[in-house]
Every structure is written in structure tokens, then in C-alpha cells.
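Reviewing the structure listed below.
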Amino acid sequence: MADLSIDFCGIKSPNPFWLASGPPTNTGDQIHRAFEAGWGGAVWKTIGEPIVNVSSRYGGLDVGGAKVVGFNNIELITDRSMEVNFRELAEVKKRWPKHAVIASLMVESRREAWHDAVARAQDAGADGLELNFGCPHGMSERGMGAAVGQVPEYCGRITGWVKEKARIPVIVKLTPNVTDVVYPARAAVEAGADALSLINTINSLMSIDLDSFAPAPAVRGQGSHGGYCGPAVKPIALNMVSAVCGDAKVGRPVSGIGGISTWRDAAEFVAVGATSLQVCTAVMHHGFRIVEDMIDGLSAYLDEKGLTLSTLRGRANPNVRRWEDLDLNYKVVASIDHHKCIGCQLCYIACNDGAHQAIGHRPWKELGAVRAPHPHGLDPREGDAPVILEESCVGCNLCSLVCPVPGCITMKDRSPTTARKSFRDYQAAGEQPRASFSHR
């Protein structure tokens, strides 16, 4: 099996899979059991002056029968004392010396408060410090969390305070609730951050009960904005991790967070530049043992592709370009395999009502194909077959995305033989690109 061990800014662990700071890392007992299951590291649930949490705390978004596609919480940092947390952290590190144990910290925005928290975490044996500059609710109203991470100046100032005292690596956890995450990332690095982690949760209001008109989760009929996470945030997280890893002024290791549930998710985060991978919501949904599949799947993928974690890391970033650099002469059109088509007409409806009116109809017998049986027993001889009108197809992919049959609709390259030319190329030549589709 592929070697999955990592060195993250001097912090070593047997694999890149770490528990993110949150409910699964609330106690030493949980982290003991997680390491027994195979996790390579853990970021302790954020330690600070203990607070009183509300009840209830969590909300879930279900889509098409899939449970907890998105997850929302209004829970804050630890409700246990700093003494208890640091004592248990020391016990975990003593028992698991080869695993990464990171202390997540959030205290008042005073130099003395940060110096004290750093000293106590180091005395407990933490391998590194993660500065929670991302929490979007509850703590931000008190001048902590996202209230720091959203202002590059504050982000840099507190990072600097921590570096005055820190003898172990400092990881700054960034909030996604900003216009451009690169600016606070640069500020943290300029102040001496050894690494970055992102993303923290996204500000959200989960849902409204249409009988009581209370937000979920509800606290005696009322609610508040909270932090959104889970599989639904993965595209946002990938974009931000890629932006930070691809920025020449950052140049620090990144711990990727946000919607990681499978080994495939993990591989994608490594491909855009992440070194370690933090998981929280998937563990809350499925338990600690999901790491077994993640380890096996990532190892098998690397072996199959002849890659290592190092050669996979950042491999996708050269292909993540600005829009104006994309080739305007490249063209794909949809193609329907009528031997697989069940005649559900979803592609036609989507294209006709929601896209570019590039699907028409022809009788099945004219296509020389035997229509596949409909899963709901509809007569396969009724109606006409959907067909692509290539002269009108703009290659938007919508039909292939809504089609319920794998491999039935694919996108075929119909690019002309002309050279690659981007919008930037047209600008440089003093020209304007012209649309080449008939219905335009």
C-alpha cells in the first residue's frame, strides 16, 4: 500500500486524515477511540474560557432522500474548563506519541490572553496550535472567531502575538465568510503563520418551519444564524483551498477542510494542494470507522495511478485558471446513446425550459435503436426519442447532468481545427469573439 504518512510543517502523522475541531474531538476518550480506528491526527475542540451552549444545536439538510447533505450548528467552543481539556490532551499525546494532536485555541483579543493559552497548550504537549479565526456565530459577536478572520489586519496582529510565545507550529484557521480568502491568508503568513487550515463553517440559516415560523435548530421557538458544513460545502472549500495553495504570496502548507466524506473527496483536496485533511461532519454522521475506507481507497488510488501523496499534491492547480484564459475555440456537444435511453424526457424538458432549446424528437424506429425499458413500466413504444440538435447545442452539460441513466448522455468534442484562443488572446489582438451557434 502507498505510504500515507505526512509531515505537515514539522508535525508528523501516520496518515493525512485528521479529525477537525468539533464535537468528535470534545474529549480525550473520543480521540483515543479515533486513533484506535486509524485516524492520523486530531484537532481538539476549540479551547478557551468555557461557555454555556444552547439546546437544541444542530440542523440538517436532506436532499432527494439523502440525509444530512448539509449540516448546520449553533454550538460554540468547549463548555469544559481549560484545565480539563489540557489535562486530557496531555494524556492523549502521552499514549499516542506518533499521532498529531493539535490544540485549537480561541480567547479574547488581548496579547496576554493569547500568550497564556499558548503556554498552557505547549505545556500539555500539543504538537501544534490551530488559531480559530473562523467561527461565524456566537463567538464572532464577542469579537472572536470570524470577527478576527474577516479582517486581515486583525488576523495578522493576533497571529503575531501567538508567534511571540509559540515554540511549536502555528496553524491559522481561516473563515470562508469573506470576499477573497487569499487576503487574510497572506496576512497570517506575513505575521509568521507556519501553516493554514480552511475552510471553517459558512454563515447560514438552515430552514424555517412553516407552521411555527421558527428557524432550525430552534431554541424555545427562536433561532440564530449558524455554521454550515457537510458534503454540500465541498465545492466552496475546494475553490478556496485551491486559491490559497495557488497563491505565490502564501507558500505555506494547507490543511484542507470542508465536506470530506470519502477517499475521493480527500484525493481531490490533495490534488488542489492540501497536505493534511480534516473531517468532522462525516464522522458525526457515520462514526470514526469511516477512516478505514478513506485509508484503503486513497492508498489503492495512489497505487493504481503510480502516484505518491507528494506527486498528487497540487497536481490539479495548473488546470484551475481564470475564466478569461479558457479556450473559446473549444466546443463540445451532447450525444445520446439511444440503446440506453429510457425516454423519460428529462433532458428535453431541462434543455427546452432551462437551457438552449437544443433537443428535438424523432421516431424511435428511425434511429435504429431498441428503446430501453422504462423503470416504471411505461410502454416503450409510446412517444418519440429525444435527439440532439448539434447546430444549436452549446455544450452546457445540463442534459447529461439531469439524465438518470449513467453513460446515456455524453459530451463529444466538436472543436474546429482552429488554434486555441482565449478571451485574453482576443483582447491582445484587438478583436471580439463571435458566437458561432445558429440560434444566437
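Labels for the C-alpha cells follow display order: chains A, B, ..., residues from 1 in each chain, ligands from 1.
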Segment 224-324 of chain A near segment 10-14 of chain A within 12 Å: what's each residue's closest atom pair and its distance in Å to one decimal, counting only C-alpha atoms, ordered by chain then ascending residue number, as JSON lines?
{"residue": "A:Arg252", "atom": "CA", "partner": "A:Gly10", "partner_atom": "CA", "distance": 11.9}
{"residue": "A:Pro253", "atom": "CA", "partner": "A:Gly10", "partner_atom": "CA", "distance": 10.2}
{"residue": "A:Ser255", "atom": "CA", "partner": "A:Ile11", "partner_atom": "CA", "distance": 11.7}
{"residue": "A:Thr275", "atom": "CA", "partner": "A:Ile11", "partner_atom": "CA", "distance": 11.1}
{"residue": "A:Ser276", "atom": "CA", "partner": "A:Ser13", "partner_atom": "CA", "distance": 9.2}
{"residue": "A:Leu277", "atom": "CA", "partner": "A:Ser13", "partner_atom": "CA", "distance": 11.5}
{"residue": "A:Ile295", "atom": "CA", "partner": "A:Pro14", "partner_atom": "CA", "distance": 10.6}
Requested write-out: N, CA and C atoms of the selected residues, as a PDB file, in the first residue's frame:
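The resulting part.pdb:
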ATOM      1  N   ARG A 252       2.562  28.324   2.077  1.00  0.00           N
ATOM      2  CA  ARG A 252       2.595  27.562   3.324  1.00  0.00           C
ATOM      3  C   ARG A 252       1.758  26.295   3.168  1.00  0.00           C
ATOM      4  N   PRO A 253       2.057  25.255   3.948  1.00  0.00           N
ATOM      5  CA  PRO A 253       1.228  24.051   3.898  1.00  0.00           C
ATOM      6  C   PRO A 253      -0.211  24.370   4.298  1.00  0.00           C
ATOM      7  N   SER A 255      -4.037  22.691   5.457  1.00  0.00           N
ATOM      8  CA  SER A 255      -4.878  21.590   5.901  1.00  0.00           C
ATOM      9  C   SER A 255      -6.266  21.824   5.333  1.00  0.00           C
ATOM     10  N   THR A 275      -2.247  19.290   2.316  1.00  0.00           N
ATOM     11  CA  THR A 275      -1.319  18.290   2.854  1.00  0.00           C
ATOM     12  C   THR A 275      -2.018  17.388   3.855  1.00  0.00           C
ATOM     13  N   SER A 276      -2.655  17.967   4.857  1.00  0.00           N
ATOM     14  CA  SER A 276      -3.484  17.169   5.769  1.00  0.00           C
ATOM     15  C   SER A 276      -4.945  17.435   5.452  1.00  0.00           C
ATOM     16  N   LEU A 277      -5.821  16.532   5.928  1.00  0.00           N
ATOM     17  CA  LEU A 277      -7.236  16.575   5.574  1.00  0.00           C
ATOM     18  C   LEU A 277      -8.052  16.437   6.840  1.00  0.00           C
ATOM     19  N   ILE A 295      -8.600   5.430   4.117  1.00  0.00           N
ATOM     20  CA  ILE A 295      -7.207   4.999   4.008  1.00  0.00           C
ATOM     21  C   ILE A 295      -7.044   3.986   2.883  1.00  0.00           C
TER      22      ILE A 295
END
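Taking only C-alpha atoms, the non-local environment of Gly22 of chain A within 8 Å (same-chain residues fewer than 6 positions away omitted) comprises A:Trp44, A:Lys45, A:Thr46, A:Cys280.
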File dump, residues just selected, C-alpha atoms, as a JSON list (two decimals), in the first residue's frame:
[["chain", "number", "residue", "atom", "x", "y", "z"],
["A", 44, "TRP", "CA", -9.06, 19.39, 19.73],
["A", 45, "LYS", "CA", -12.47, 21.06, 20.02],
["A", 46, "THR", "CA", -11.67, 24.74, 20.41],
["A", 280, "CYS", "CA", -15.90, 16.44, 11.13]]
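Within segment 32-91 of chain A, residues classed as helix (DSSP H, G or I) by DSSP on backbone coordinates are A:His32, A:Arg33, A:Ala34, A:Phe35, A:Glu36, A:Ala37, A:Met82, A:Glu83, A:Val84, A:Asn85, A:Phe86, A:Arg87, A:Glu88, A:Leu89, A:Ala90, A:Glu91.
Each of A:Tyr228, A:Phe8, A:Tyr154, A:Trp39 was checked against Val68 of chain A using only C-alpha atoms; the smallest atom-to-atom distance is that of A:Tyr228.
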For segment 73-139 of chain A against segment 189-193 of chain A, with a cut-off of 12 Å and counting only C-alpha atoms, what is the closest atom pair and its distance in Å to one decimal for every residue that makes the cut, ordered by chain and number, as a tab-separated table?
residue	atom	partner	partner_atom	distance
A:Gly128	CA	A:Ala193	CA	11.4
A:Leu129	CA	A:Ala193	CA	10.2
A:Glu130	CA	A:Ala193	CA	10.0
A:Leu131	CA	A:Ala193	CA	9.8
Which of these residues is nearest to Arg322 of chain A, using only C-alpha atoms: A:Ser422, A:Thr410, A:Ala334, A:Phe288?
A:Ser422
Segment 230-242 of chain A surroundings by only C-alpha atoms, 9 Å radius, close-in-sequence under 6 positions cut, as number ranges by chain:
A: 68-72, 176, 180-182, 197-202, 254-261, 265, 268-269, 271-274, 280-282, 314, 316-317, 320
Written file, previous selection with N, CA and C atoms, as a tab-separated table (two decimals), in the first residue's frame:
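Now in result26.tsv:
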chain	number	residue	atom	x	y	z
A	68	VAL	N	-28.70	14.50	5.65
A	68	VAL	CA	-27.62	15.39	6.10
A	68	VAL	C	-26.61	15.67	4.98
A	69	VAL	N	-27.14	16.08	3.84
A	69	VAL	CA	-26.26	16.55	2.76
A	69	VAL	C	-25.57	17.85	3.20
A	70	GLY	N	-26.32	18.67	3.92
A	70	GLY	CA	-25.76	19.86	4.56
A	70	GLY	C	-26.05	19.81	6.04
A	71	PHE	N	-25.19	20.42	6.83
A	71	PHE	CA	-25.30	20.36	8.29
A	71	PHE	C	-25.07	21.76	8.84
A	72	ASN	N	-25.87	22.13	9.81
A	72	ASN	CA	-25.75	23.45	10.41
A	72	ASN	C	-25.67	23.31	11.92
A	176	PRO	N	-14.48	31.20	5.69
A	176	PRO	CA	-14.89	31.36	4.29
A	176	PRO	C	-15.82	32.55	4.10
A	180	ASP	N	-12.64	37.40	-0.54
A	180	ASP	CA	-11.48	36.72	-1.11
A	180	ASP	C	-10.61	36.21	0.03
A	181	VAL	N	-10.57	34.89	0.19
A	181	VAL	CA	-9.86	34.28	1.32
A	181	VAL	C	-8.35	34.45	1.23
A	182	VAL	N	-7.84	34.80	0.08
A	182	VAL	CA	-6.39	34.94	-0.09
A	182	VAL	C	-5.83	36.07	0.77
A	197	SER	N	-5.28	26.47	7.71
A	197	SER	CA	-6.32	25.45	7.53
A	197	SER	C	-7.59	26.15	7.09
A	198	LEU	N	-8.34	25.52	6.21
A	198	LEU	CA	-9.58	26.09	5.68
A	198	LEU	C	-10.34	25.00	4.92
A	199	ILE	N	-11.69	25.16	4.96
A	199	ILE	CA	-12.45	26.30	5.44
A	199	ILE	C	-13.13	25.97	6.77
A	200	ASN	N	-13.41	27.04	7.53
A	200	ASN	CA	-14.31	26.89	8.66
A	200	ASN	C	-15.74	26.93	8.12
A	201	THR	N	-16.73	26.93	8.99
A	201	THR	CA	-18.11	26.84	8.54
A	201	THR	C	-18.61	28.13	7.89
A	202	ILE	N	-19.65	27.99	7.08
A	202	ILE	CA	-20.21	29.10	6.31
A	202	ILE	C	-21.45	29.62	7.02
A	254	VAL	N	-1.14	23.64	3.71
A	254	VAL	CA	-2.56	23.86	3.97
A	254	VAL	C	-3.22	22.58	4.43
A	255	SER	N	-4.04	22.69	5.46
A	255	SER	CA	-4.88	21.59	5.90
A	255	SER	C	-6.27	21.82	5.33
A	256	GLY	N	-6.73	20.90	4.49
A	256	GLY	CA	-8.00	21.07	3.79
A	256	GLY	C	-9.18	20.59	4.61
A	257	ILE	N	-10.22	21.40	4.66
A	257	ILE	CA	-11.42	21.10	5.44
A	257	ILE	C	-12.65	21.50	4.62
A	258	GLY	N	-13.70	20.69	4.72
A	258	GLY	CA	-14.97	21.11	4.12
A	258	GLY	C	-15.62	20.03	3.28
A	259	GLY	N	-16.49	19.24	3.88
A	259	GLY	CA	-17.28	18.27	3.13
A	259	GLY	C	-16.56	17.00	2.76
A	260	ILE	N	-15.41	16.72	3.35
A	260	ILE	CA	-14.69	15.49	3.03
A	260	ILE	C	-15.41	14.31	3.68
A	261	SER	N	-15.89	13.39	2.84
A	261	SER	CA	-16.63	12.23	3.34
A	261	SER	C	-16.07	10.91	2.83
A	265	ASP	N	-13.06	12.45	-2.14
A	265	ASP	CA	-13.01	13.83	-1.67
A	265	ASP	C	-11.61	14.18	-1.21
A	268	GLU	N	-9.19	14.73	-4.04
A	268	GLU	CA	-9.41	16.00	-4.71
A	268	GLU	C	-8.77	17.15	-3.93
A	269	PHE	N	-8.90	17.13	-2.62
A	269	PHE	CA	-8.29	18.19	-1.81
A	269	PHE	C	-6.76	18.15	-1.91
A	271	ALA	N	-5.17	17.07	-4.52
A	271	ALA	CA	-4.87	17.49	-5.89
A	271	ALA	C	-4.88	19.00	-6.04
A	272	VAL	N	-5.61	19.72	-5.18
A	272	VAL	CA	-5.57	21.19	-5.26
A	272	VAL	C	-4.60	21.78	-4.24
A	273	GLY	N	-3.83	20.92	-3.54
A	273	GLY	CA	-2.73	21.43	-2.74
A	273	GLY	C	-2.72	21.13	-1.26
A	274	ALA	N	-3.75	20.50	-0.72
A	274	ALA	CA	-3.80	20.23	0.71
A	274	ALA	C	-2.79	19.16	1.11
A	280	CYS	N	-15.06	16.32	9.93
A	280	CYS	CA	-15.90	16.44	11.13
A	280	CYS	C	-17.30	15.90	10.87
A	281	THR	N	-18.07	16.52	9.96
A	281	THR	CA	-19.47	16.17	9.77
A	281	THR	C	-19.65	14.70	9.41
A	282	ALA	N	-18.80	14.17	8.55
A	282	ALA	CA	-18.93	12.76	8.14
A	282	ALA	C	-18.79	11.82	9.33
A	314	GLY	N	-1.29	19.23	-5.37
A	314	GLY	CA	-1.28	20.40	-6.24
A	314	GLY	C	-1.34	20.09	-7.72
A	316	ALA	N	-3.68	19.39	-9.71
A	316	ALA	CA	-4.79	19.98	-10.47
A	316	ALA	C	-4.69	21.49	-10.60
A	317	ASN	N	-3.88	22.13	-9.78
A	317	ASN	CA	-3.91	23.59	-9.76
A	317	ASN	C	-3.50	24.27	-11.06
A	320	VAL	N	-6.57	24.93	-12.96
A	320	VAL	CA	-7.57	25.86	-12.41
A	320	VAL	C	-7.16	27.26	-12.84
Within 10 Å of Ala126 of chain A using only C-alpha atoms, minus same-chain residues under 3 positions, as a ChimeraX atom specification:
/A:43-44,86,89-90,92-93,100-104,118,120-123,129,168-169
